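Everything on this sheet refers to the single structure shown next.
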Amino acid sequence: MTHRLSARTAQAFIWRGIQIWGVKAIFLIRTLVLAKLLMPDDFGLLAIALVSVEFSTRITDFGMVQALVQKKDAEASHYDVAWTLDVMRAAVVTGVVIVAAPWIAELFSEPRAVGLLRAVAFKPLLMSLASIGLAGQQRDLVLRPQARLRLIESLVNTVLAIGLASSLGVWAMVAGLLGGAVVYLLGSYLAAPHRPRWRIDAGIASGLVDFGRWVLIVNILGMTAGLFLRIAISRQLGTAALGIYFLASKLAFLLSDTVSDLLGSVTFPLYSRLQEELHSIRTALQGILLSSYMILAPASILLIAVAPTLTEVVLGEKWAGTGPLIRVLTLVGLIGLLGEVIVPVLYGMGRPQKVVVLEVVQSTLVVGLTWWLVGEIGIIGAGVAWLPAIVLSQLLGVRFLRELIDRPFQGVARPLLAVLGICILGGLVSWWVTLMVPGLGGLTLAVGLGGLVILSLYAVGDNRLDSALSGAVLSVFPQLASWSYFSRRHHVQV
């Protein structure tokens, strides 16, 4: 692999992309429909349960899957030990949350959340029982079975939540979460057949935890910052405000989380295989960075442009104030994409401690600014607190990458600036249309016209940059070489 990713990696990108974009699209529909059927207070109650259970799950996650993927000589015994430890961990998490539910609810000043906490606590246990064979497929970049499984899980979750919303209220969303988890558990053994064996081996566990402990530390730091932020909102502004933040963050981070999931699941195994091939890593990194921004930047900037109109037209008056928060959080996700490209390189090259430093810097700033900003400027402060934190962590990430790879971004700055400039122009067009044409028609026209402007300018910019933009896409997805546009521009024989 010298100038492009391997065919297997490209295939993994495609299937992982289908999974992530499909799941996100399903949950976007789910969120928008439930936002019409339920109240911000319902979303706030669910947010308390979800963030508490996720916090408990992530701060005890020793990164067994990541350790298996990164390990070059993993055997069946390693998979069995990893599965056993994960089930034990999840069982403890479920038990602790069930017992501590009243105290957790009191922390958020919301006693109504006790029952929700106890119900949602069973999700990590169900997920931990799934086939550990999925980790082997991830290492081998065989992602089609898992993509199908995740799509089915999302559909079940969505159908249950929407179908039961009118009769069960917030509990419909809990039913969807648990129903989807059961489907994932059963389907995992069809997607990745593996007979799990209960096995505890101190030597094997120590080797896995040696890498996974850094993942654990990163999880603890990140989840602590997120938990503190939500506690600050709930205690100072109330459950309804927390519901607004929950919905805004789901919509705003939908795009960046999608790209982040795609990069982490595919590029981490790739870089793990290329640990000593620095030139190949740099080539892959540059193509992935530019193509990722080409995908994320248009959607992010268009969302920033139309966010207030989107909340007014689609969500209604009860979600007033969500638009500005969506704008800030979308900008956070766009800036943070650089770090999402860098982090898999650090993990793949065996430098997880560098990721810990990045998380320490980012989380410390978020925690330090959140309480003060939320008290001073309200819910928008929860988004503003992320901006200085994300900028500083990106700069530090670039420094760490330069210590490992010589001139990692050489030749990328000019086309990357061109992509951002093009997208900003498209965003300005969309924003102007929302001012001139009100309502749903104006929203549709704004997105369509802004997207058309961006695509047109991409073609023009590709000519000016000697096909650098299309070349970046082709380096990640060589299967597109058969498309007439790429074969014509790059003289590919197909």
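Identifiers for the structure tokens are assigned positionally: chains receive A, B, ... in sequence, residues are indexed from 1 per chain, and ligands are indexed from 1 in the order shown.
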Fill in: alpha helix (DSSP H) positions in range 284-455 of chain A, given as a PyMOL selection string
chain A and resi 284-310+322-348+352-377+381-384+386-404+413-436+439-455
Give me the residues near Gly451 in chain A as an mmCIF file with all heavy atoms, in the first residue's frame, where near means some atom within 7 Å (using only C-alpha atoms) and where sequence neighbours in that chain fewer than 4 positions away do not count.
data_model
loop_
_atom_site.group_PDB
_atom_site.id
_atom_site.type_symbol
_atom_site.label_atom_id
_atom_site.label_comp_id
_atom_site.auth_asym_id
_atom_site.auth_seq_id
_atom_site.Cartn_x
_atom_site.Cartn_y
_atom_site.Cartn_z
ATOM 1 N N GLY A 426 -21.450 28.216 0.118
ATOM 2 C CA GLY A 426 -22.722 27.507 0.027
ATOM 3 C C GLY A 426 -23.605 27.762 1.233
ATOM 4 O O GLY A 426 -24.831 27.911 1.102
ATOM 5 N N VAL A 447 -31.492 24.340 1.543
ATOM 6 C CA VAL A 447 -30.599 23.183 1.563
ATOM 7 C C VAL A 447 -30.241 22.744 0.147
ATOM 8 O O VAL A 447 -29.078 22.458 -0.163
ATOM 9 C CB VAL A 447 -31.241 22.018 2.348
ATOM 10 C CG1 VAL A 447 -30.378 20.764 2.247
ATOM 11 C CG2 VAL A 447 -31.450 22.405 3.809
ATOM 12 N N LEU A 455 -21.485 21.629 -4.582
ATOM 13 C CA LEU A 455 -21.077 20.606 -5.541
ATOM 14 C C LEU A 455 -20.484 21.225 -6.803
ATOM 15 O O LEU A 455 -19.489 20.733 -7.345
ATOM 16 C CB LEU A 455 -22.273 19.726 -5.901
ATOM 17 C CG LEU A 455 -22.761 18.767 -4.811
ATOM 18 C CD1 LEU A 455 -24.012 18.038 -5.275
ATOM 19 C CD2 LEU A 455 -21.673 17.764 -4.443
#
Item to complete: Point out the residue among A:Pro102, A:Trp372, A:Leu37, A:Arg197 with the least atom-to-atom distance to Leu168 in chain A, counting only C-alpha atoms.
Response: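 Result for the nearest residue to Leu168 in chain A: A:Leu37.
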Practice prompt. Tell me, in Å to one decimal, how far CA of Leu285 in chain A is from CA of Lys354 in chain A.
Written response: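 Atom-to-atom, CA of Leu285 in chain A to CA of Lys354 in chain A, that is 17.5 Å.
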Spatial neighbours of Pro388 in chain A, 10 Å, only C-alpha atoms, chain gap at least 3 places, as a PDB file with N, CA and C atoms, in the first residue's frame:
ATOM      1  N   VAL A 332     -18.489  22.944  16.818  1.00  0.00           N
ATOM      2  CA  VAL A 332     -17.589  22.145  17.661  1.00  0.00           C
ATOM      3  C   VAL A 332     -17.252  20.828  16.967  1.00  0.00           C
ATOM      4  N   GLN A 362      -8.850  18.640  27.004  1.00  0.00           N
ATOM      5  CA  GLN A 362     -10.198  18.977  26.549  1.00  0.00           C
ATOM      6  C   GLN A 362     -11.209  18.902  27.698  1.00  0.00           C
ATOM      7  N   LEU A 365     -10.863  21.740  30.451  1.00  0.00           N
ATOM      8  CA  LEU A 365     -11.410  23.032  30.025  1.00  0.00           C
ATOM      9  C   LEU A 365     -12.930  23.025  29.996  1.00  0.00           C
ATOM     10  N   VAL A 366     -13.515  21.932  29.502  1.00  0.00           N
ATOM     11  CA  VAL A 366     -14.974  21.852  29.452  1.00  0.00           C
ATOM     12  C   VAL A 366     -15.567  21.913  30.852  1.00  0.00           C
ATOM     13  N   LEU A 369     -15.236  25.434  32.443  1.00  0.00           N
ATOM     14  CA  LEU A 369     -16.028  26.533  31.879  1.00  0.00           C
ATOM     15  C   LEU A 369     -17.537  26.313  31.958  1.00  0.00           C
ATOM     16  N   VAL A 384     -20.877  26.747  24.145  1.00  0.00           N
ATOM     17  CA  VAL A 384     -19.709  27.646  24.081  1.00  0.00           C
ATOM     18  C   VAL A 384     -18.542  27.066  24.871  1.00  0.00           C
ATOM     19  N   ALA A 385     -18.831  26.358  25.956  1.00  0.00           N
ATOM     20  CA  ALA A 385     -17.758  25.798  26.782  1.00  0.00           C
ATOM     21  C   ALA A 385     -16.871  24.831  26.002  1.00  0.00           C
ATOM     22  N   VAL A 391     -10.534  23.481  20.381  1.00  0.00           N
ATOM     23  CA  VAL A 391      -9.469  24.120  19.592  1.00  0.00           C
ATOM     24  C   VAL A 391      -8.095  23.770  20.160  1.00  0.00           C
ATOM     25  N   LEU A 392      -7.946  23.889  21.471  1.00  0.00           N
ATOM     26  CA  LEU A 392      -6.645  23.621  22.082  1.00  0.00           C
ATOM     27  C   LEU A 392      -6.253  22.154  21.921  1.00  0.00           C
ATOM     28  N   SER A 393      -7.201  21.231  22.078  1.00  0.00           N
ATOM     29  CA  SER A 393      -6.868  19.811  21.940  1.00  0.00           C
ATOM     30  C   SER A 393      -6.470  19.467  20.510  1.00  0.00           C
TER      31      SER A 393
END
Worksheet item: Between A:Pro408, A:Gly169, A:Pro196, A:Gly180, which is the closest to Ala82 in chain A once you count only C-alpha atoms?
Response: A:Pro196
Pick out the residues sitting within 8 Å of Leu151 in chain A, and hand them over as an mmCIF file with N, CA and C atoms, in the first residue's frame; count only C-alpha atoms, and ignore anything fewer than 3 positions along from it in its own chain.
data_model
loop_
_atom_site.group_PDB
_atom_site.id
_atom_site.type_symbol
_atom_site.label_atom_id
_atom_site.label_comp_id
_atom_site.auth_asym_id
_atom_site.auth_seq_id
_atom_site.Cartn_x
_atom_site.Cartn_y
_atom_site.Cartn_z
ATOM 1 N N GLN A 19 -23.476 1.282 7.308
ATOM 2 C CA GLN A 19 -23.998 1.056 8.662
ATOM 3 C C GLN A 19 -24.229 2.375 9.389
ATOM 4 N N GLY A 22 -26.755 4.745 7.672
ATOM 5 C CA GLY A 22 -28.088 4.161 7.783
ATOM 6 C C GLY A 22 -28.643 4.286 9.187
ATOM 7 N N VAL A 23 -27.822 3.938 10.185
ATOM 8 C CA VAL A 23 -28.257 4.026 11.579
ATOM 9 C C VAL A 23 -28.567 5.470 11.949
ATOM 10 N N ALA A 147 -22.720 -4.460 9.919
ATOM 11 C CA ALA A 147 -23.510 -3.362 9.367
ATOM 12 C C ALA A 147 -24.979 -3.749 9.296
ATOM 13 N N ARG A 148 -25.243 -4.943 8.807
ATOM 14 C CA ARG A 148 -26.628 -5.414 8.718
ATOM 15 C C ARG A 148 -27.253 -5.518 10.105
ATOM 16 N N SER A 154 -31.378 -0.812 14.910
ATOM 17 C CA SER A 154 -31.890 0.554 14.873
ATOM 18 C C SER A 154 -33.347 0.603 14.438
ATOM 19 N N LEU A 155 -33.694 -0.209 13.464
ATOM 20 C CA LEU A 155 -35.084 -0.256 13.001
ATOM 21 C C LEU A 155 -36.019 -0.738 14.103
#
Item to complete: Could you give me, as a PyMOL selection string, the residues within 10 Å of range 418-420 of chain A, counting only C-alpha atoms and dropping anything in the same chain fewer than 6 positions from it?
Response: chain A and resi 290-291+293-295+297-298+301+426+454+457-458+461-462+464-465+469
Keeping C-alpha atoms, export the residues of the selection given above as a PDB file, in the first residue's frame.
ATOM      1  CA  LEU A 290      -9.273  15.695   3.052  1.00  0.00           C
ATOM      2  CA  SER A 291     -12.064  13.327   2.026  1.00  0.00           C
ATOM      3  CA  TYR A 293     -13.757  17.255   5.476  1.00  0.00           C
ATOM      4  CA  MET A 294     -15.192  17.122   1.966  1.00  0.00           C
ATOM      5  CA  ILE A 295     -18.033  14.994   3.352  1.00  0.00           C
ATOM      6  CA  ALA A 297     -17.994  20.332   6.003  1.00  0.00           C
ATOM      7  CA  PRO A 298     -20.869  20.830   3.499  1.00  0.00           C
ATOM      8  CA  ILE A 301     -22.117  24.396   7.405  1.00  0.00           C
ATOM      9  CA  GLY A 426     -22.722  27.507   0.027  1.00  0.00           C
ATOM     10  CA  ILE A 454     -21.092  23.496  -3.060  1.00  0.00           C
ATOM     11  CA  LEU A 457     -17.716  24.765  -6.742  1.00  0.00           C
ATOM     12  CA  TYR A 458     -16.157  21.412  -5.821  1.00  0.00           C
ATOM     13  CA  GLY A 461     -12.010  23.786  -7.324  1.00  0.00           C
ATOM     14  CA  ASP A 462     -10.899  20.333  -8.419  1.00  0.00           C
ATOM     15  CA  ARG A 464      -7.915  24.615 -10.064  1.00  0.00           C
ATOM     16  CA  LEU A 465      -6.210  22.232  -7.643  1.00  0.00           C
ATOM     17  CA  LEU A 469     -10.125  16.828  -4.320  1.00  0.00           C
TER      18      LEU A 469
END
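Atom pair CA of Ile162 in chain A / CA of Val174 in chain A: separated by 11.1 Å.
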Item to complete: For Thr364 in chain A, list every protein, DNA or RNA residue within 12 Å, evaluated using only C-alpha atoms, and leave out those in the same chain fewer than 3 positions away; present the list as a list of chain:residue names.
Response: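 So, after excluding close chain neighbours, the residues are A:Leu221, A:Gly222, A:Met223, A:Thr224, A:Ala225, A:Gly226, A:Phe228, A:Leu229, A:Val356, A:Val357, A:Leu358, A:Glu359, A:Val360, A:Val361, A:Val367, A:Gly368, A:Leu369, A:Thr370, A:Ala385, A:Trp386, A:Pro388, A:Ala389, A:Ile390, A:Leu392, A:Ser393.
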